[in-house]
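K.L.:
Got a structure for you, written out below as structure tokens; questions coming shortly.
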Amino acid sequence: GATSTAILQSSSLVTLMTLSFVSAGLMSLYSGIAVIFGSNLGTTVTAWIVATVGFKIKIELFSLPMIGLGGFLLVLGLKNRKIAAFAKLLIGFGLLFFGLQIMKEALTSTAQTLDLSLFKESSKYVFVLIGFILTALIQSSSAAMAIVLTSLYAGILSFEQSTAMVIGTNIGTTVTALLGAIGGIPDKKRAAAAHFVFNLFTAVVALLMLPLLTHLIIETFAMQKDPVVALAIFHTLFNLIGVILLTPFIGLLASWLNKHFLHKQEVPTHYIHLVDPKIPDTAFVALRNEVSYLFVKTMKFALLIANIKPSDIIKKKIDIKDLTITNQYRIPFDYESAYEVLKDIEIDILEFIAILTQSNLSKEQGESIELLLMSVRESVYAAKILKDVKENIDTFTESENVMIIHTFEAIRRNLAYMMNIFINYINETWDQDKCLNKFQKGKEENQMILRKATANVGQKGVNEKVVASLLNTNRSVFNASESLMNASKATMIHYAIDIEEEG
């Protein structure tokens with residue numbers, strides 16, 4: 001957290017990225033809180049850059065050349081992400097130093113006319129409040145810190161007043177996260193809460209220790225002649241104290257936060273509602289997991305439609321030939337509601353993708369979205385096909401005609417055989433080539449069922465209408481299996497199957 005913030009020069013950005021990693025399941029909340037703590041330490045690097053470079057060197061000698069060189073490299077390296085990123089870094093630092101030079105000149109002249117006696121009797125809490133309001137308004141603790149350092153350098157603020165304002169800026173930086181968490185996902189609120197707890201606790205400790213810290217820095221480090229560097233030391237020191245004191249309690253804080261900010265409204269999705277789609281890297285992880293989750297849910301739906309318990313094939317791994325024997329009766333199953341849930345997931349995925357595609361995506365990411373969309377369409381289409389023949393399946397389940405029973409059992413076995421292919425693919429037991437070979441055998445079995453059913457037309461108790469219904473069901477089962485095969489090829493993701501409550 002400290003290193004990332006020092007490089008990116010934005011604790012808010014690091015906090016947002018951390019939140020996305022936590023939401024996508026790439027990082028635990030425990031680790032995320034640790035990164036947020038570290039980001040507060042990393043943000044003190046800005047103070048050091050400003051204090052050492054900004055006031056020791058003639059900024060105008062290198063700030064404008066940095067901006068110019070960065071712009072030149074940006075134009076040349078648009079197609080190279082590394083060059084473009086380095087160019088933006090140069091431009092950013094160039095503008096930071098250029099802005100600092102302007103502030104120095106403006107505030108130096110202001111110091112000559114400003115009557116400090118107006119604030120001479122003000123308590124340190126007033127300056128804490130000023131620092132808080134300043135940071136809350138400009139939404140950047142780094143910029144606020146630069147203003148405080150410049151004011152100290154210009155003589156507008158005393159060292160003691162500056163330290164109080166710095167404490168205020170630390171509290172003010174939480175406003176960005178708190179505002180961003182309004183209406184956000186639970187983990188976003190948890191991250192914002194962790195950020196607020198750390199900064200508020202650190203500010204209280206710093207205020208209580210202010211006389212001691214001020215004496216330590218001024219006397220021990222002999223900083224009487226360089227108050228700007230002394231202030232940078234103070235900023236780093238009290239954040240470091242906060243990290244040291246609070247790090248042992250990260251586990252307790254994470255446990256407490258996990259019990260709060262819970263979802264009040266049930267959502268059909270499993271992953272994407274936890275992630276901000278405006279952050280592509282983590283959004284793609286959640287999207288791929290969601291598409292795989294939809295695929296597995298559709299596969300279980302297919303088995304339940306055929307009155308086969310998913311756990312019998314997924315968990316118990318009962319032989320395909322015995323599955324129809326152990327699953328002879330109708331399973332109480334609201335298939336209409338289950339299908340609507342699959343449709344709701346599809347709609348939420350499409351809405352998520354609509355926001356995600358507004359970001360600046362790479363060519364590879366755009367192609368991935370097309371594949372994932374195809375997987376979603378194929379999965380839901382498979383579910384619709386099976387939903388439409390559910391009544392036929394239940395009628396065949398209760399039939400007493402031997403030919404119908406034998407043909408229908410063959411259809412169910414073939415469906416279970418197809419689902420078993422997907423299970424082995426997901427569990428990485430079989431590779432894609434083996435799965436395609438197995439699928440071809442399932443297709444041949446489907447044709448065999450068709451021929452046998454056709455040959456039985458005219459037998460006692462079996463008329464053309466019944467055979468047509470059997471053939472239609474057989475074709476629907478195969479078409480659904482084929483759609484799921486297409487969906488599995490599109491995702492190309494191995495995803496751990498969880499046994500949910502069936503029905």
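Labels for the structure tokens follow display order: chains A, B, ..., residues from 1 in each chain, ligands from 1.
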With only C-alpha atoms as the counted atoms, please give the residues lying no more than 10 Å from A:Leu471, apart from itself and same-chain residues fewer than 2 positions off, as number ranges by chain.
P.N.:
A: 407-408, 411, 446, 449-451, 453-454, 465-469, 473-477
K.L.:
I need the chosen residues saved as a JSON list (two decimals), in the first residue's frame, with C-alpha atoms.
P.N.:
```
[["chain", "number", "residue", "atom", "x", "y", "z"],
["A", 407, "THR", "CA", -36.82, -44.18, -24.80],
["A", 408, "PHE", "CA", -37.24, -41.51, -22.17],
["A", 411, "ILE", "CA", -32.86, -39.40, -23.32],
["A", 446, "ASN", "CA", -28.92, -38.97, -29.70],
["A", 449, "ILE", "CA", -32.47, -42.74, -29.78],
["A", 450, "LEU", "CA", -34.15, -40.97, -32.70],
["A", 451, "ARG", "CA", -33.94, -44.07, -34.95],
["A", 453, "ALA", "CA", -38.18, -44.13, -31.43],
["A", 454, "THR", "CA", -39.12, -43.81, -35.10],
["A", 465, "LYS", "CA", -48.20, -38.07, -31.68],
["A", 466, "VAL", "CA", -46.39, -39.70, -28.75],
["A", 467, "VAL", "CA", -43.36, -40.51, -30.92],
["A", 468, "ALA", "CA", -43.30, -36.95, -32.27],
["A", 469, "SER", "CA", -43.33, -35.65, -28.69],
["A", 473, "THR", "CA", -37.90, -33.76, -26.47],
["A", 474, "ASN", "CA", -34.84, -35.68, -27.65],
["A", 475, "ARG", "CA", -33.94, -32.93, -30.13],
["A", 476, "SER", "CA", -34.44, -30.23, -27.48],
["A", 477, "VAL", "CA", -32.19, -32.05, -25.01]]
```
K.L.:
Determine, counting only C-alpha atoms, which protein, DNA and RNA residues have an atom within 7 Å of an atom of stretch 193-204 of chain A; residues of the same chain fewer than 6 positions away are not included. Present the result as an MDAnalysis selection string.
P.N.:
chainID A and resid 33 36:37 167 170:171 174 238:239 242
K.L.:
The selected residues should be written to file as a compact mmCIF listing (two decimals), in the first residue's frame (atoms: N, CA and C atoms).
P.N.:
```txt
# COMPACT_ATOMS: atom_id res chain seq x y z
N ILE A 33 -7.44 -4.01 4.09
CA ILE A 33 -7.30 -3.01 5.14
C ILE A 33 -5.82 -2.67 5.36
N ILE A 36 -4.72 -0.32 2.72
CA ILE A 36 -5.26 1.03 2.99
C ILE A 36 -4.42 1.72 4.06
N PHE A 37 -4.03 0.97 5.10
CA PHE A 37 -3.16 1.54 6.14
C PHE A 37 -1.85 1.99 5.51
N ILE A 167 -2.73 17.40 10.40
CA ILE A 167 -3.61 16.41 11.05
C ILE A 167 -5.02 16.51 10.46
N ASN A 170 -5.35 14.89 7.08
CA ASN A 170 -5.44 13.43 7.16
C ASN A 170 -6.88 12.96 7.38
N ILE A 171 -7.62 13.72 8.19
CA ILE A 171 -9.03 13.37 8.40
C ILE A 171 -9.84 13.72 7.15
N THR A 174 -10.48 11.33 4.11
CA THR A 174 -11.47 10.24 4.20
C THR A 174 -12.79 10.63 3.55
N PHE A 238 3.70 10.61 12.36
CA PHE A 238 2.43 10.28 13.01
C PHE A 238 1.62 9.25 12.20
N ASN A 239 1.82 9.19 10.89
CA ASN A 239 1.18 8.12 10.11
C ASN A 239 1.83 6.77 10.41
N GLY A 242 0.49 5.51 13.62
CA GLY A 242 -0.85 4.94 13.41
C GLY A 242 -0.78 3.53 12.85
```
K.L.:
Skip A:Ile349 itself and residues of its chain fewer than 4 positions away, then list as a list of chain:residue names all residues within 10 Å of it, counting only C-alpha atoms.
P.N.:
A:Thr269, A:Ile272, A:His273, A:Leu287, A:Glu290, A:Val291, A:Leu294, A:Lys343, A:Asp344, A:Ile345, A:Ile353, A:Ala354, A:Leu372, A:Leu373, A:Val376
K.L.:
Quick one: residues within 12 Å of A:Gln432, only C-alpha atoms, excluding same-chain residues fewer than 2 positions away - as number ranges by chain?
P.N.:
A: 421-430, 434-439, 485-486, 488-494
K.L.:
Hey, which of A:Ala480, A:Leu207, A:Met165, A:Ile331 ends up closest to A:Arg377? Count only C-alpha atoms.
P.N.:
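Of A:Ala480, A:Leu207, A:Met165, A:Ile331, the one nearest A:Arg377 is A:Ala480, counting only C-alpha atoms.
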K.L.:
Could you pull out the residues in stretch 332-392 of chain A that DSSP calls alpha helix (DSSP H) from the backbone, as a ChimeraX atom specification?
P.N.:
/A:335-356,363-388,390-392
K.L.:
Can you tell me, as a VMD selection string, what residues are no more than 12 Å from A:Thr395 when counting only C-alpha atoms, ignoring any on the same chain fewer than 5 positions away?
P.N.:
chain A and resid 306 to 307 329 to 330 389 to 390 400 to 401 404 to 405 408 466 469 to 470 473
K.L.:
Kindly save the residues from that selection, with all heavy atoms included, as a short mmCIF file (atom, residue, chain, number, x, y, z; two decimals), in the first residue's frame.
P.N.:
```
data_model
loop_
_atom_site.label_atom_id
_atom_site.label_comp_id
_atom_site.auth_asym_id
_atom_site.auth_seq_id
_atom_site.Cartn_x
_atom_site.Cartn_y
_atom_site.Cartn_z
N ALA A 306 -34.66 -32.68 -15.91
CA ALA A 306 -34.76 -34.12 -16.23
C ALA A 306 -35.00 -34.96 -14.99
O ALA A 306 -34.89 -36.19 -15.04
CB ALA A 306 -33.49 -34.58 -16.93
N ASN A 307 -35.33 -34.30 -13.87
CA ASN A 307 -35.60 -34.99 -12.60
C ASN A 307 -34.40 -35.81 -12.12
O ASN A 307 -34.53 -36.95 -11.67
CB ASN A 307 -36.84 -35.88 -12.72
CG ASN A 307 -38.10 -35.08 -12.94
OD1 ASN A 307 -38.33 -34.05 -12.29
ND2 ASN A 307 -38.93 -35.49 -13.90
N TYR A 329 -38.35 -40.47 -9.83
CA TYR A 329 -39.57 -39.70 -9.62
C TYR A 329 -39.34 -38.20 -9.88
O TYR A 329 -38.20 -37.74 -9.97
CB TYR A 329 -40.08 -39.91 -8.18
CG TYR A 329 -40.27 -41.36 -7.84
CD1 TYR A 329 -39.35 -42.03 -7.04
CD2 TYR A 329 -41.37 -42.08 -8.34
CE1 TYR A 329 -39.52 -43.37 -6.73
CE2 TYR A 329 -41.55 -43.42 -8.04
CZ TYR A 329 -40.61 -44.06 -7.24
OH TYR A 329 -40.77 -45.39 -6.96
N ARG A 330 -40.47 -37.51 -10.00
CA ARG A 330 -40.39 -36.07 -10.22
C ARG A 330 -39.79 -35.36 -9.01
O ARG A 330 -40.09 -35.70 -7.87
CB ARG A 330 -41.79 -35.50 -10.48
CG ARG A 330 -42.37 -35.88 -11.82
CD ARG A 330 -43.78 -35.38 -12.00
NE ARG A 330 -43.86 -33.92 -11.94
CZ ARG A 330 -44.98 -33.23 -12.14
NH1 ARG A 330 -46.11 -33.87 -12.43
NH2 ARG A 330 -44.97 -31.92 -12.08
N VAL A 389 -39.80 -27.88 -22.73
CA VAL A 389 -40.20 -29.31 -22.85
C VAL A 389 -40.38 -29.96 -21.48
O VAL A 389 -40.51 -31.18 -21.39
CB VAL A 389 -39.16 -30.11 -23.68
CG1 VAL A 389 -39.13 -29.63 -25.11
CG2 VAL A 389 -37.78 -30.06 -23.04
N LYS A 390 -40.40 -29.15 -20.41
CA LYS A 390 -40.53 -29.69 -19.07
C LYS A 390 -41.83 -30.47 -18.90
O LYS A 390 -41.85 -31.55 -18.28
CB LYS A 390 -40.45 -28.56 -18.05
CG LYS A 390 -40.69 -28.96 -16.60
CD LYS A 390 -39.70 -29.99 -16.11
CE LYS A 390 -39.92 -30.30 -14.63
NZ LYS A 390 -39.12 -31.45 -14.15
N GLU A 400 -46.68 -45.33 -18.26
CA GLU A 400 -46.58 -46.76 -17.94
C GLU A 400 -46.25 -47.58 -19.18
O GLU A 400 -46.09 -48.80 -19.09
CB GLU A 400 -47.90 -47.25 -17.33
CG GLU A 400 -48.22 -46.58 -15.99
CD GLU A 400 -49.52 -47.08 -15.39
OE1 GLU A 400 -50.19 -47.90 -16.05
OE2 GLU A 400 -49.86 -46.66 -14.27
N ASN A 401 -46.10 -46.92 -20.33
CA ASN A 401 -45.78 -47.63 -21.57
C ASN A 401 -44.28 -47.98 -21.57
O ASN A 401 -43.43 -47.10 -21.39
CB ASN A 401 -46.12 -46.75 -22.77
CG ASN A 401 -45.92 -47.47 -24.09
OD1 ASN A 401 -44.79 -47.61 -24.52
ND2 ASN A 401 -47.01 -47.90 -24.72
N ILE A 404 -42.08 -46.09 -24.20
CA ILE A 404 -41.88 -44.69 -23.82
C ILE A 404 -40.88 -44.58 -22.67
O ILE A 404 -39.97 -43.74 -22.68
CB ILE A 404 -43.23 -44.04 -23.43
CG1 ILE A 404 -44.15 -43.94 -24.65
CG2 ILE A 404 -43.00 -42.65 -22.82
CD1 ILE A 404 -45.54 -43.44 -24.33
N ILE A 405 -41.05 -45.48 -21.69
CA ILE A 405 -40.14 -45.46 -20.53
C ILE A 405 -38.70 -45.69 -20.97
O ILE A 405 -37.79 -44.95 -20.58
CB ILE A 405 -40.56 -46.53 -19.49
CG1 ILE A 405 -41.91 -46.15 -18.85
CG2 ILE A 405 -39.48 -46.69 -18.42
CD1 ILE A 405 -42.50 -47.22 -17.98
N PHE A 408 -37.43 -42.67 -23.02
CA PHE A 408 -37.24 -41.51 -22.17
C PHE A 408 -36.02 -41.67 -21.26
O PHE A 408 -35.26 -40.72 -21.04
CB PHE A 408 -38.50 -41.26 -21.33
CG PHE A 408 -38.38 -40.09 -20.39
CD1 PHE A 408 -38.10 -38.82 -20.87
CD2 PHE A 408 -38.52 -40.26 -19.02
CE1 PHE A 408 -37.98 -37.75 -20.01
CE2 PHE A 408 -38.40 -39.19 -18.16
CZ PHE A 408 -38.13 -37.92 -18.65
N VAL A 466 -47.28 -39.42 -29.88
CA VAL A 466 -46.39 -39.70 -28.75
C VAL A 466 -44.95 -39.74 -29.23
O VAL A 466 -44.04 -39.18 -28.61
CB VAL A 466 -46.77 -41.03 -28.08
CG1 VAL A 466 -45.74 -41.39 -27.00
CG2 VAL A 466 -48.16 -40.95 -27.47
N SER A 469 -43.64 -36.34 -29.92
CA SER A 469 -43.33 -35.65 -28.69
C SER A 469 -41.98 -36.11 -28.13
O SER A 469 -41.18 -35.31 -27.65
CB SER A 469 -44.44 -35.90 -27.66
OG SER A 469 -44.20 -35.18 -26.47
N LEU A 470 -41.74 -37.45 -28.24
CA LEU A 470 -40.46 -37.99 -27.79
C LEU A 470 -39.30 -37.45 -28.62
O LEU A 470 -38.26 -37.07 -28.09
CB LEU A 470 -40.47 -39.52 -27.88
CG LEU A 470 -41.04 -40.30 -26.68
CD1 LEU A 470 -41.20 -41.76 -27.03
CD2 LEU A 470 -40.14 -40.14 -25.46
N THR A 473 -38.63 -33.86 -27.75
CA THR A 473 -37.90 -33.76 -26.47
C THR A 473 -36.44 -34.15 -26.65
O THR A 473 -35.54 -33.49 -26.13
CB THR A 473 -38.57 -34.66 -25.42
OG1 THR A 473 -39.94 -34.26 -25.25
CG2 THR A 473 -37.85 -34.56 -24.09
#
```
K.L.:
Which one is closest to A:Ala383: A:Phe284, A:Tyr339, A:Phe249, A:Tyr417? Count only C-alpha atoms.
P.N.:
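Of the candidates, the smallest distance to A:Ala383 is held by A:Tyr339.
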K.L.:
Within 8 Å of A:Leu69, counting only C-alpha atoms, which residues show up once you throw out same-chain ones fewer than 5 positions away? Write them as a short mmCIF file (atom, residue, chain, number, x, y, z; two decimals) with all heavy atoms, in the first residue's frame, please.
P.N.:
```
data_model
loop_
_atom_site.label_atom_id
_atom_site.label_comp_id
_atom_site.auth_asym_id
_atom_site.auth_seq_id
_atom_site.Cartn_x
_atom_site.Cartn_y
_atom_site.Cartn_z
N ALA A 87 5.20 8.71 -19.77
CA ALA A 87 4.97 10.07 -20.24
C ALA A 87 3.97 10.80 -19.34
O ALA A 87 4.17 11.97 -18.97
CB ALA A 87 4.46 10.06 -21.68
N LEU A 90 5.66 11.83 -16.12
CA LEU A 90 6.45 13.05 -16.28
C LEU A 90 5.57 14.29 -16.30
O LEU A 90 5.87 15.30 -15.64
CB LEU A 90 7.27 12.98 -17.58
CG LEU A 90 8.52 12.10 -17.59
CD1 LEU A 90 9.14 12.07 -18.98
CD2 LEU A 90 9.54 12.58 -16.57
N ILE A 91 4.49 14.23 -17.07
CA ILE A 91 3.57 15.37 -17.16
C ILE A 91 2.98 15.69 -15.79
O ILE A 91 2.89 16.85 -15.38
CB ILE A 91 2.44 15.08 -18.18
CG1 ILE A 91 3.02 14.98 -19.60
CG2 ILE A 91 1.38 16.18 -18.13
CD1 ILE A 91 2.02 14.47 -20.62
#
```
